[in-house]
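As stored in target_17.csv (CSV, C-alpha atoms (C1' of nucleotides)):
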chain,number,residue,atom,x,y,z
K,197,MET,CA,61.6,107.5,114.0
K,198,THR,CA,64.8,108.0,116.0
K,199,ASP,CA,67.3,110.7,115.3
K,200,LYS,CA,70.0,108.4,114.1
K,201,LYS,CA,67.7,106.5,111.8
K,202,GLU,CA,66.8,109.9,110.1
K,203,LYS,CA,70.5,110.6,109.8
K,204,ILE,CA,71.0,107.3,108.0
K,205,LEU,CA,68.2,108.0,105.6
K,206,SER,CA,69.4,111.5,104.6
K,207,ALA,CA,73.0,110.4,104.3
K,208,ALA,CA,72.0,107.5,102.1
K,209,LEU,CA,69.8,109.7,100.0
K,210,GLU,CA,72.6,112.2,99.3
K,211,LEU,CA,75.1,109.5,98.5
K,212,PHE,CA,72.8,107.4,96.3
K,213,ALA,CA,71.8,110.6,94.4
K,214,ASN,CA,75.4,111.7,93.9
K,215,ASP,CA,77.3,108.5,93.3
K,216,GLY,CA,74.6,105.9,92.5
K,217,PHE,CA,73.3,103.0,94.6
K,218,ASN,CA,75.9,100.5,93.7
K,219,ALA,CA,78.8,102.9,94.1
K,220,THR,CA,77.7,103.8,97.6
K,221,SER,CA,78.9,101.4,100.4
K,222,THR,CA,77.1,100.9,103.7
K,223,SER,CA,80.4,101.9,105.4
K,224,LYS,CA,80.3,105.3,103.6
K,225,ILE,CA,76.7,105.8,104.6
K,226,ALA,CA,77.5,105.1,108.3
K,227,GLN,CA,80.4,107.4,108.2
K,228,LYS,CA,78.4,110.3,106.7
K,229,ALA,CA,75.6,109.7,109.1
K,230,GLY,CA,77.9,109.5,112.1
K,231,VAL,CA,76.7,106.1,113.3
K,232,SER,CA,78.1,102.6,113.4
K,233,GLU,CA,77.7,100.5,110.3
K,234,GLY,CA,75.8,97.8,112.2
K,235,LEU,CA,73.0,100.3,113.0
K,236,ILE,CA,72.0,100.5,109.4
K,237,PHE,CA,71.1,96.8,109.5
K,238,ARG,CA,69.2,97.1,112.8
K,239,HIS,CA,66.8,99.7,111.2
K,240,PHE,CA,66.7,98.2,107.6
K,241,ASP,CA,66.8,94.6,106.4
K,242,ASN,CA,69.6,95.3,104.0
K,243,LYS,CA,71.1,97.9,101.7
K,244,LYS,CA,68.2,97.5,99.2
K,245,GLY,CA,65.7,97.9,102.0
K,246,LEU,CA,67.3,101.2,102.9
K,247,LEU,CA,66.8,102.3,99.3
K,248,ASN,CA,63.2,101.1,99.4
K,249,ALA,CA,62.5,103.1,102.5
K,250,ILE,CA,63.7,106.2,100.6
K,251,MET,CA,61.8,105.4,97.5
K,252,GLY,CA,58.7,104.7,99.5
K,253,GLU,CA,58.3,108.4,100.2
K,254,ALA,CA,57.8,109.1,96.5
K,255,GLU,CA,54.0,109.0,96.6
K,256,SER,CA,53.6,111.5,99.4
K,257,ARG,CA,56.2,113.9,97.9
K,258,LEU,CA,54.4,113.6,94.5
K,259,MET,CA,51.1,114.5,96.2
K,260,GLU,CA,52.8,117.5,98.0
K,261,LEU,CA,54.0,118.8,94.6
K,262,PHE,CA,50.8,118.2,92.7
K,263,THR,CA,48.0,118.9,95.2
K,264,PRO,CA,47.8,122.7,94.4
K,265,MET,CA,47.4,121.9,90.8
K,266,MET,CA,44.9,119.2,91.4
K,267,GLN,CA,42.7,121.6,93.4
K,268,GLU,CA,42.7,124.2,90.7
K,269,GLU,CA,39.7,124.5,88.4
K,270,ASN,CA,40.7,127.1,85.9
K,271,PRO,CA,42.3,125.2,83.0
K,272,LYS,CA,44.7,127.9,82.0
K,273,LYS,CA,45.9,128.1,85.6
K,274,ILE,CA,46.3,124.3,85.6
K,275,ILE,CA,48.6,124.5,82.6
K,276,GLU,CA,50.5,127.4,84.1
K,277,MET,CA,51.1,125.7,87.4
K,278,TYR,CA,52.3,122.6,85.6
K,279,ILE,CA,54.8,124.5,83.6
K,280,GLU,CA,56.1,126.3,86.7
K,281,MET,CA,56.4,123.1,88.7
K,282,PRO,CA,60.0,122.3,87.8
K,283,PHE,CA,61.0,125.7,89.1
K,284,SER,CA,59.0,125.3,92.4
K,285,VAL,CA,61.0,122.3,93.7
K,286,ASP,CA,62.8,123.1,96.9
K,287,GLU,CA,66.5,122.9,96.9
K,288,SER,CA,66.4,120.6,99.9
K,289,GLN,CA,64.5,118.0,97.8
K,290,ARG,CA,66.9,118.1,94.9
K,291,SER,CA,68.7,114.9,95.8
K,292,PHE,CA,65.4,113.1,96.2
K,293,TRP,CA,64.1,114.0,92.8
K,294,LYS,CA,67.4,113.4,91.2
K,295,LEU,CA,67.5,109.9,92.6
K,296,GLN,CA,63.9,109.4,91.4
K,297,PHE,CA,64.8,110.2,87.8
K,298,MET,CA,68.1,108.2,87.9
K,299,LEU,CA,66.3,105.0,89.1
K,300,LYS,CA,63.7,105.3,86.3
K,301,TRP,CA,66.1,103.2,84.3
K,302,GLN,CA,65.6,100.3,86.7
K,303,GLU,CA,62.3,98.8,85.9
K,304,GLU,CA,61.7,98.0,89.5
K,305,TYR,CA,61.3,101.6,90.4
K,306,TYR,CA,59.7,102.8,87.1
K,307,ASN,CA,56.0,103.2,87.6
K,308,PRO,CA,54.2,105.6,85.2
K,309,ASP,CA,50.8,104.8,86.7
K,310,LYS,CA,51.7,107.1,89.6
K,311,LEU,CA,51.6,110.1,87.3
K,312,LYS,CA,48.4,109.0,85.5
K,313,PRO,CA,45.9,111.1,87.6
K,314,PHE,CA,48.0,114.2,87.1
K,315,LEU,CA,48.3,113.6,83.4
K,316,ASP,CA,44.5,113.1,83.2
K,317,LYS,CA,44.0,116.5,85.0
K,318,ILE,CA,46.1,118.2,82.4
K,319,ALA,CA,44.3,116.4,79.5
K,320,ILE,CA,41.0,117.7,80.9
K,321,ALA,CA,42.4,121.2,81.0
K,322,PHE,CA,43.5,121.0,77.4
K,323,LYS,CA,40.0,119.6,76.5
K,324,GLU,CA,38.3,122.5,78.2
K,325,LEU,CA,40.6,124.9,76.3
K,326,GLY,CA,39.4,123.4,73.0
K,327,PHE,CA,42.5,121.5,72.0
K,328,LYS,CA,41.7,118.8,69.3
K,329,LYS,CA,43.7,116.0,70.9
K,330,PRO,CA,43.9,116.8,74.6
K,331,GLU,CA,45.5,113.4,75.7
K,332,LEU,CA,48.3,113.7,73.2
K,333,GLU,CA,48.7,117.4,74.0
K,334,ALA,CA,49.0,116.4,77.7
K,335,LYS,CA,51.6,113.7,76.9
K,336,HIS,CA,53.5,116.2,74.8
K,337,LEU,CA,53.7,118.8,77.6
K,338,GLU,CA,54.6,116.1,80.1
K,339,GLN,CA,57.6,115.2,78.0
K,340,VAL,CA,58.7,118.8,77.8
K,341,ILE,CA,58.3,119.2,81.6
K,342,GLU,CA,60.2,116.0,82.3
K,343,SER,CA,63.1,117.0,80.1
K,344,LEU,CA,63.1,120.4,81.7
K,345,SER,CA,63.0,119.0,85.2
K,346,ILE,CA,65.9,116.7,84.4
K,347,SER,CA,68.0,119.6,83.1
K,348,ILE,CA,67.2,121.7,86.1
K,349,LEU,CA,68.1,118.9,88.5
K,350,ARG,CA,71.4,118.5,86.6
K,351,GLU,CA,72.4,122.2,86.0
K,352,GLY,CA,70.1,124.3,88.2
K,353,LYS,CA,67.4,126.8,87.3
K,354,GLU,CA,69.7,129.5,85.9
K,355,GLY,CA,69.0,130.5,82.4
K,356,LYS,CA,65.9,128.4,82.1
K,357,GLU,CA,63.4,131.3,82.8
K,358,ALA,CA,63.3,132.3,79.1
K,359,PHE,CA,62.2,128.9,78.2
K,360,LYS,CA,59.5,128.9,80.8
K,361,GLU,CA,58.2,132.2,79.4
K,362,PHE,CA,58.3,130.7,76.0
K,363,LEU,CA,56.1,127.8,77.1
K,364,LEU,CA,53.6,130.1,79.0
K,365,GLU,CA,53.3,132.2,75.9
K,366,LYS,CA,53.0,129.2,73.6
K,367,TYR,CA,50.0,127.9,75.6
K,368,ASN,CA,48.7,131.4,76.2
K,369,VAL,CA,48.5,131.0,79.9
M,266,MET,CA,91.1,94.7,66.7
M,267,THR,CA,91.1,91.0,67.7
M,268,ASP,CA,88.0,88.8,67.9
M,269,LYS,CA,88.2,88.5,71.7
M,270,LYS,CA,88.7,92.2,72.2
M,271,GLU,CA,85.4,92.8,70.3
M,272,LYS,CA,83.7,90.2,72.4
M,273,ILE,CA,84.8,91.9,75.6
M,274,LEU,CA,83.5,95.3,74.3
M,275,SER,CA,80.1,94.0,73.3
M,276,ALA,CA,79.7,91.9,76.5
M,277,ALA,CA,80.6,95.0,78.6
M,278,LEU,CA,78.2,97.2,76.6
M,279,GLU,CA,75.3,94.9,77.2
M,280,LEU,CA,76.0,94.5,80.9
M,281,PHE,CA,76.7,98.1,81.6
M,282,ALA,CA,73.5,99.1,79.9
M,283,ASN,CA,71.4,96.5,81.7
M,284,ASP,CA,72.9,96.5,85.2
M,285,GLY,CA,74.9,99.7,85.3
M,286,PHE,CA,78.6,100.3,85.4
M,287,ASN,CA,79.2,99.7,89.1
M,288,ALA,CA,76.9,96.7,89.3
M,289,THR,CA,78.9,95.0,86.5
M,290,SER,CA,82.0,93.1,87.7
M,291,THR,CA,85.0,92.4,85.4
M,292,SER,CA,84.5,88.7,86.1
M,293,LYS,CA,80.9,88.8,84.8
M,294,ILE,CA,82.2,90.6,81.6
M,295,ALA,CA,84.9,88.0,81.1
M,296,GLN,CA,82.3,85.2,81.6
M,297,LYS,CA,79.9,86.7,79.1
M,298,ALA,CA,82.6,87.3,76.6
M,299,GLY,CA,84.0,83.8,77.0
M,300,VAL,CA,87.5,85.0,77.8
M,301,SER,CA,89.8,85.0,80.9
M,302,GLU,CA,89.4,87.9,83.2
M,303,GLY,CA,93.0,88.9,82.8
M,304,LEU,CA,92.6,89.6,79.1
M,305,ILE,CA,90.3,92.5,79.9
M,306,PHE,CA,93.3,94.2,81.5
M,307,ARG,CA,95.7,93.4,78.7
M,308,HIS,CA,93.4,95.3,76.2
M,309,PHE,CA,92.3,98.0,78.6
M,310,ASP,CA,94.1,99.9,81.3
M,311,ASN,CA,91.3,99.3,83.8
M,312,LYS,CA,87.5,98.8,84.1
M,313,LYS,CA,87.0,102.6,83.6
M,314,GLY,CA,89.1,102.4,80.5
M,315,LEU,CA,86.8,99.8,79.1
M,316,LEU,CA,83.8,102.1,79.6
M,317,ASN,CA,85.7,104.9,78.0
M,318,ALA,CA,86.5,102.8,74.9
M,319,ILE,CA,82.7,102.2,74.6
M,320,MET,CA,81.8,105.8,75.1
M,321,GLY,CA,84.4,106.9,72.7
M,322,GLU,CA,82.3,105.6,69.9
M,323,ALA,CA,79.5,108.1,70.7
M,324,GLU,CA,80.7,110.8,68.3
M,325,SER,CA,80.8,108.6,65.2
M,326,ARG,CA,77.4,107.0,66.1
M,327,LEU,CA,75.9,110.4,66.5
M,328,MET,CA,77.2,111.4,63.1
M,329,GLU,CA,75.8,108.2,61.6
M,330,LEU,CA,72.4,109.1,63.0
M,331,PHE,CA,72.3,112.8,62.1
M,332,THR,CA,74.2,112.9,58.8
M,333,PRO,CA,71.1,112.4,56.6
M,334,MET,CA,69.3,115.2,58.5
M,335,MET,CA,72.4,117.5,58.2
M,336,GLN,CA,72.5,117.1,54.4
M,337,GLU,CA,68.8,117.9,53.9
M,338,GLU,CA,68.0,121.4,52.8
M,339,ASN,CA,64.2,121.4,52.9
M,340,PRO,CA,63.3,122.8,56.4
M,341,LYS,CA,60.0,120.8,56.6
M,342,LYS,CA,61.9,117.7,55.8
M,343,ILE,CA,64.5,118.5,58.4
M,344,ILE,CA,61.9,118.7,61.1
M,345,GLU,CA,60.3,115.5,59.9
M,346,MET,CA,63.5,113.6,59.9
M,347,TYR,CA,64.3,114.8,63.4
M,348,ILE,CA,60.8,113.7,64.7
M,349,GLU,CA,61.3,110.3,63.1
M,350,MET,CA,64.8,109.8,64.4
M,351,PRO,CA,63.9,108.0,67.7
M,352,PHE,CA,62.0,105.4,65.6
M,353,SER,CA,64.9,104.9,63.2
M,354,VAL,CA,67.4,103.6,65.8
M,355,ASP,CA,68.5,100.1,65.0
M,356,GLU,CA,67.6,97.4,67.6
M,357,SER,CA,71.2,96.3,67.7
M,358,GLN,CA,72.2,99.8,68.9
M,359,ARG,CA,69.7,99.9,71.7
M,360,SER,CA,72.1,99.1,74.5
M,361,PHE,CA,74.5,101.7,73.3
M,362,TRP,CA,72.0,104.5,73.4
M,363,LYS,CA,70.5,103.3,76.6
M,364,LEU,CA,74.0,103.5,78.2
M,365,GLN,CA,74.4,107.0,76.7
M,366,PHE,CA,71.3,108.3,78.4
M,367,MET,CA,72.0,106.5,81.7
M,368,LEU,CA,75.5,108.1,82.0
M,369,LYS,CA,74.1,111.6,81.3
M,370,TRP,CA,73.7,111.8,85.1
M,371,GLN,CA,77.5,111.4,85.5
M,372,GLU,CA,78.9,114.8,84.6
M,373,GLU,CA,82.0,113.2,83.2
M,374,TYR,CA,80.0,111.8,80.3
M,375,TYR,CA,77.5,114.6,79.9
M,376,ASN,CA,78.5,116.8,77.0
M,377,PRO,CA,75.6,118.9,75.5
M,378,ASP,CA,78.1,120.6,73.1
M,379,LYS,CA,78.1,117.5,71.0
M,380,LEU,CA,74.5,118.0,70.0
M,381,LYS,CA,74.9,121.8,69.4
M,382,PRO,CA,75.4,121.7,65.6
M,383,PHE,CA,72.3,119.5,65.2
M,384,LEU,CA,70.3,121.8,67.4
M,385,ASP,CA,71.5,124.8,65.3
M,386,LYS,CA,70.4,123.0,62.1
M,387,ILE,CA,66.9,122.6,63.5
M,388,ALA,CA,66.8,126.2,64.7
M,389,ILE,CA,67.6,127.4,61.2
M,390,ALA,CA,64.9,125.2,59.8
M,391,PHE,CA,62.4,126.8,62.2
M,392,LYS,CA,63.6,130.2,61.2
M,393,GLU,CA,63.1,129.5,57.5
M,394,LEU,CA,59.6,128.3,58.3
M,395,GLY,CA,58.8,131.6,59.9
M,396,PHE,CA,58.7,130.7,63.6
M,397,LYS,CA,59.1,133.7,65.9
M,398,LYS,CA,61.6,132.2,68.3
M,399,PRO,CA,63.4,129.5,66.4
M,400,GLU,CA,66.1,128.7,69.0
M,401,LEU,CA,63.6,128.2,71.8
M,402,GLU,CA,61.4,126.3,69.3
M,403,ALA,CA,64.3,124.0,68.6
M,404,LYS,CA,65.1,123.5,72.3
M,405,HIS,CA,61.4,122.7,72.8
M,406,LEU,CA,61.4,120.0,70.1
M,407,GLU,CA,64.7,118.7,71.3
M,408,GLN,CA,63.2,118.1,74.8
M,409,VAL,CA,60.3,116.2,73.3
M,410,ILE,CA,62.5,114.1,71.2
M,411,GLU,CA,64.8,113.3,74.1
M,412,SER,CA,61.9,112.2,76.3
M,413,LEU,CA,60.4,110.2,73.5
M,414,SER,CA,63.8,108.5,72.8
M,415,ILE,CA,64.1,107.6,76.4
M,416,SER,CA,60.7,106.1,76.6
M,417,ILE,CA,61.3,104.1,73.4
M,418,LEU,CA,64.6,102.8,74.7
M,419,ARG,CA,62.8,101.8,77.9
M,420,GLU,CA,59.6,100.4,76.5
M,421,GLY,CA,60.0,99.9,72.8
M,422,LYS,CA,58.4,101.6,69.8
M,423,GLU,CA,55.0,100.0,70.2
M,424,GLY,CA,52.1,102.4,70.7
M,425,LYS,CA,54.3,105.5,70.0
M,426,GLU,CA,53.3,105.9,66.4
M,427,ALA,CA,50.2,107.9,67.3
M,428,PHE,CA,52.3,110.4,69.1
M,429,LYS,CA,54.7,110.7,66.1
M,430,GLU,CA,51.8,111.5,63.8
M,431,PHE,CA,50.6,114.0,66.3
M,432,LEU,CA,54.0,115.8,66.2
M,433,LEU,CA,54.2,115.7,62.4
M,434,GLU,CA,50.8,117.2,62.3
M,435,LYS,CA,51.5,119.8,64.9
M,436,TYR,CA,54.5,121.1,63.0
M,437,ASN,CA,52.7,120.6,59.6
M,438,VAL,CA,55.6,118.5,58.1
A,259,DT,C1',113.5,78.9,60.5
A,260,DA,C1',114.7,81.7,64.6
A,261,DT,C1',113.3,85.3,67.5
A,262,DA,C1',110.6,88.9,69.2
A,263,DT,C1',106.1,90.6,70.0
A,264,DT,C1',101.4,90.1,70.9
A,265,DT,C1',97.5,87.4,72.6
A,266,DG,C1',95.8,84.7,76.0
A,267,DT,C1',95.3,82.0,80.5
A,268,DA,C1',94.9,80.5,85.5
A,269,DA,C1',95.9,81.3,89.8
A,270,DG,C1',96.8,84.4,92.6
A,271,DT,C1',96.8,89.5,95.4
A,272,DG,C1',95.2,92.8,99.1
A,273,DA,C1',91.3,95.7,99.7
A,274,DT,C1',86.5,96.3,100.1
A,275,DT,C1',81.9,94.6,100.2
A,276,DA,C1',77.3,93.7,102.6
A,277,DC,C1',76.1,91.8,106.5
A,278,DT,C1',76.4,89.3,111.4
A,279,DC,C1',77.3,88.7,116.2
A,280,DA,C1',78.2,89.4,120.9
A,281,DC,C1',77.7,92.9,123.7
A,282,DT,C1',76.4,97.5,126.2
A,283,DA,C1',73.4,101.7,126.8
A,284,DT,C1',69.1,103.6,126.8
A,285,DT,C1',64.2,103.8,126.8
A,286,DT,C1',59.7,102.0,127.7
A,287,DG,C1',55.7,99.8,130.2
A,288,DG,C1',53.6,97.5,134.2
N,196,DC,C1',61.7,100.3,140.2
N,197,DC,C1',62.6,96.6,137.7
N,198,DA,C1',62.4,93.8,133.6
N,199,DA,C1',61.9,93.6,128.8
N,200,DA,C1',62.4,95.7,124.6
N,201,DT,C1',64.8,98.7,121.7
N,202,DA,C1',68.9,101.5,120.1
N,203,DG,C1',73.6,101.4,119.3
N,204,DT,C1',78.5,99.7,119.0
N,205,DG,C1',82.7,97.6,117.2
N,206,DA,C1',84.9,93.7,115.8
N,207,DG,C1',84.2,90.2,113.2
N,208,DT,C1',82.7,87.2,108.7
N,209,DA,C1',82.9,85.0,104.0
N,210,DA,C1',82.5,86.6,99.5
N,211,DT,C1',83.5,89.4,95.9
N,212,DC,C1',86.0,93.2,93.9
N,213,DA,C1',89.5,95.2,90.4
N,214,DC,C1',93.7,94.1,89.2
N,215,DT,C1',98.6,91.5,88.9
N,216,DT,C1',101.8,88.1,87.9
N,217,DA,C1',104.0,84.2,85.8
N,218,DC,C1',103.8,81.7,82.2
N,219,DA,C1',102.2,79.5,77.6
N,220,DA,C1',100.4,79.8,72.8
N,221,DA,C1',100.0,82.1,68.7
N,222,DT,C1',101.5,85.4,65.4
N,223,DA,C1',104.5,88.6,63.1
N,224,DT,C1',109.0,89.8,61.5
N,225,DA,C1',113.8,89.0,60.3

Represent the supplied structure as structure tokens.
Amino acid sequence: MTDKKEKILSAALELFANDGFNATSTSKIAQKAGVSEGLIFRHFDNKKGLLNAIMGEAESRLMELFTPMMQEENPKKIIEMYIEMPFSVDESQRSFWKLQFMLKWQEEYYNPDKLKPFLDKIAIAFKELGFKKPELEAKHLEQVIESLSISILREGKEGKEAFKEFLLEKYNV
Amino acid sequence: MTDKKEKILSAALELFANDGFNATSTSKIAQKAGVSEGLIFRHFDNKKGLLNAIMGEAESRLMELFTPMMQEENPKKIIEMYIEMPFSVDESQRSFWKLQFMLKWQEEYYNPDKLKPFLDKIAIAFKELGFKKPELEAKHLEQVIESLSISILREGKEGKEAFKEFLLEKYNV
DNA sequence: TATATTTGTAAGTGATTACTCACTATTTGG
DNA sequence: CCAAATAGTGAGTAATCACTTACAAATATA
């Protein structure tokens, strides 16, 4: 991967996440990346291909986030790590996850199967803790964490700690 | 409001909700509405003004949705009505609410204050039911209902009933 | 009925779009 | 060290964009 190709990718990521895919022109991307517009099309088939290249990183970044939780055995610790996950996302990856959530509305990029193994892990944890309906309990917590993640991506972490403590207390972890 | 103006509004709503604001051209709107493109600009200042006209209906539609819940006094019934709300949205209003959620990512159209009175009503209900932290409990349920609403708007109501029953049982309403 | 206002159309406008092409600079492999 | 491949540029391209203008049809008001 050449230096300028990386510059194109990161410029595109920021602009897509801030302004949206369609509102971002290839000329703006080239300008922000400090390259000629033509170079974008030497490295990527078209504008959509540039987006696909960015979105293609989703799986590895998901793994990065979830690996610690997947390796944990203690069910209470698993729930705790999941609740703290939205707060553990690095500032430098904010644009990436924002774009991820924005594009969920386009069915092309909406793939709930990717999260399935993590949801299963949480369901097992709930089962071990004696919850009556562990799968629904996992789905329930997933929805809370998703909403919380979105609001953190939109407004920042400030003032959300109280809610995190509330959740940890509610699940007694 | 003339007939063709209404046609423009509903054509724009559907296209904005399906393809996004920037991906929808005024010529496509005119084509779908069966009018000349120029008529759009006689009735609205510009394309953004057309979107604003659609978004301007948000308050009255929110009232429509929440009024029954706001008039209820029984706290258990209040929680129940809130949980059932995502399932009570008419099919004909799906595009409208989808657009509402999509545009939450654009700060211009993100206004959490509008939901404040409804959140307060739920917090009061939780307080009456003896919950320790009624405000956080209300925020918690709000996040679940928001995630649930989004998934229903994206995938439909099918297969979500079990989760609704799970929630009603969890809150004993 | 006469006139003024509103509703509507069709054919434009310049600007911007995603993308291509001809060309040069740089890097790589035998 | 030379040739082939790759990286990079800048000036194009046709198509599409949001929007305007000149004019006609319909409607309201007097």

Q: Compute the set of chain M residues within 8 Å of chain A, using only C-alpha atoms (C1' of nucleotides), and express it as a PyMOL selection string.
A: chain M and resi 301+303-304

Q | d(CA of Met277 (chain K), CA of Leu311 (chain K)) in Å | A | 15.6 Å

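Note that CA of Ile273 (chain M) and CA of Ala295 (chain M) are 6.7 Å apart.
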
Q: Pull the neighbourhood of (84.0, 95.0, 110.3) for me: all residues within 9 Å in file coordinates, counting only C-alpha atoms (C1' of nucleotides), as an MDAnalysis selection string.
A: (chainID K and resid 233:234) or (chainID N and resid 205:208)

Q.
Could you work out which residues of chain K fall inside 7 Å of chain M? Count only C-alpha atoms, and format the result as number ranges by chain.
A. K: 218-219, 332, 336, 339-340, 343, 359

Report as CSV: every residue of chain N with an atom at most 10 Å from chain M, its closest pair of atoms, and their distance in Å to one decimal, counting all atoms listed in the file, with rows sorted by chain and ascending residue number.
residue,atom,partner,partner_atom,distance
N:DT211,C1',M:Ser290,CA,9.1
N:DC212,C1',M:Ser290,CA,7.4
N:DA213,C1',M:Thr291,CA,7.3
N:DC214,C1',M:Phe306,CA,7.7
N:DT215,C1',M:Gly303,CA,8.7

Q: Between CA of Ala207 (chain K) and CA of Ile225 (chain K), measure the distance and give it in Å to one decimal.
A: 5.9 Å

Q. Can you find the residues with an atom no farther than 8 Å from (51.0, 128.2, 81.5), counting all atoms listed in the file, and report them as a PyMOL selection string?
A. chain K and resi 272-280+363-365+367-369

Q: Give the answer as one residue: which of K:Met259, K:Leu325, K:Glu210, K:Arg238 has the shortest atom-to-atom distance to DT201 (chain N), using all atoms listed in the file?
A: K:Arg238

Would you pull region 330-336 of chain M out of the block just shown and save all heavy atoms as a compact mmCIF listing (two decimals), in the first residue's frame?
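Dumped to selection.txt:
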# COMPACT_ATOMS: atom_id res chain seq x y z
N LEU M 330 -48.61 10.22 17.54
CA LEU M 330 -48.15 8.93 18.05
C LEU M 330 -48.25 8.87 19.58
O LEU M 330 -48.67 7.87 20.15
CB LEU M 330 -46.70 8.69 17.64
CG LEU M 330 -46.39 7.70 16.53
CD1 LEU M 330 -44.89 7.46 16.47
CD2 LEU M 330 -47.11 6.38 16.74
N PHE M 331 -47.85 9.97 20.21
CA PHE M 331 -47.66 9.93 21.66
C PHE M 331 -48.87 10.38 22.47
O PHE M 331 -48.93 10.14 23.68
CB PHE M 331 -46.45 10.79 22.05
CG PHE M 331 -45.13 10.08 21.92
CD1 PHE M 331 -44.38 10.18 20.76
CD2 PHE M 331 -44.64 9.29 22.95
CE1 PHE M 331 -43.16 9.51 20.63
CE2 PHE M 331 -43.44 8.63 22.84
CZ PHE M 331 -42.69 8.73 21.68
N THR M 332 -49.83 11.06 21.82
CA THR M 332 -50.96 11.62 22.57
C THR M 332 -51.70 10.58 23.43
O THR M 332 -51.96 10.83 24.61
CB THR M 332 -51.94 12.34 21.62
OG1 THR M 332 -51.29 13.49 21.09
CG2 THR M 332 -53.20 12.77 22.35
N PRO M 333 -52.03 9.40 22.88
CA PRO M 333 -52.71 8.40 23.72
C PRO M 333 -51.91 8.08 24.99
O PRO M 333 -52.48 8.00 26.08
CB PRO M 333 -52.80 7.18 22.81
CG PRO M 333 -52.72 7.71 21.43
CD PRO M 333 -51.85 8.91 21.50
N MET M 334 -50.59 7.93 24.84
CA MET M 334 -49.75 7.60 25.99
C MET M 334 -49.71 8.75 26.99
O MET M 334 -49.72 8.53 28.22
CB MET M 334 -48.33 7.28 25.52
CG MET M 334 -47.47 6.59 26.55
SD MET M 334 -45.71 6.70 26.15
CE MET M 334 -45.30 8.32 26.78
N MET M 335 -49.69 9.98 26.47
CA MET M 335 -49.60 11.15 27.36
C MET M 335 -50.89 11.35 28.16
O MET M 335 -50.87 11.95 29.23
CB MET M 335 -49.30 12.41 26.54
CG MET M 335 -47.94 12.43 25.86
SD MET M 335 -46.56 12.27 27.01
CE MET M 335 -46.35 13.96 27.56
N GLN M 336 -52.01 10.85 27.63
CA GLN M 336 -53.28 11.02 28.33
C GLN M 336 -53.54 9.92 29.35
O GLN M 336 -54.45 10.02 30.16
CB GLN M 336 -54.42 11.07 27.30
CG GLN M 336 -54.44 12.37 26.51
CD GLN M 336 -55.41 12.34 25.34
OE1 GLN M 336 -55.83 11.27 24.92
NE2 GLN M 336 -55.74 13.51 24.81
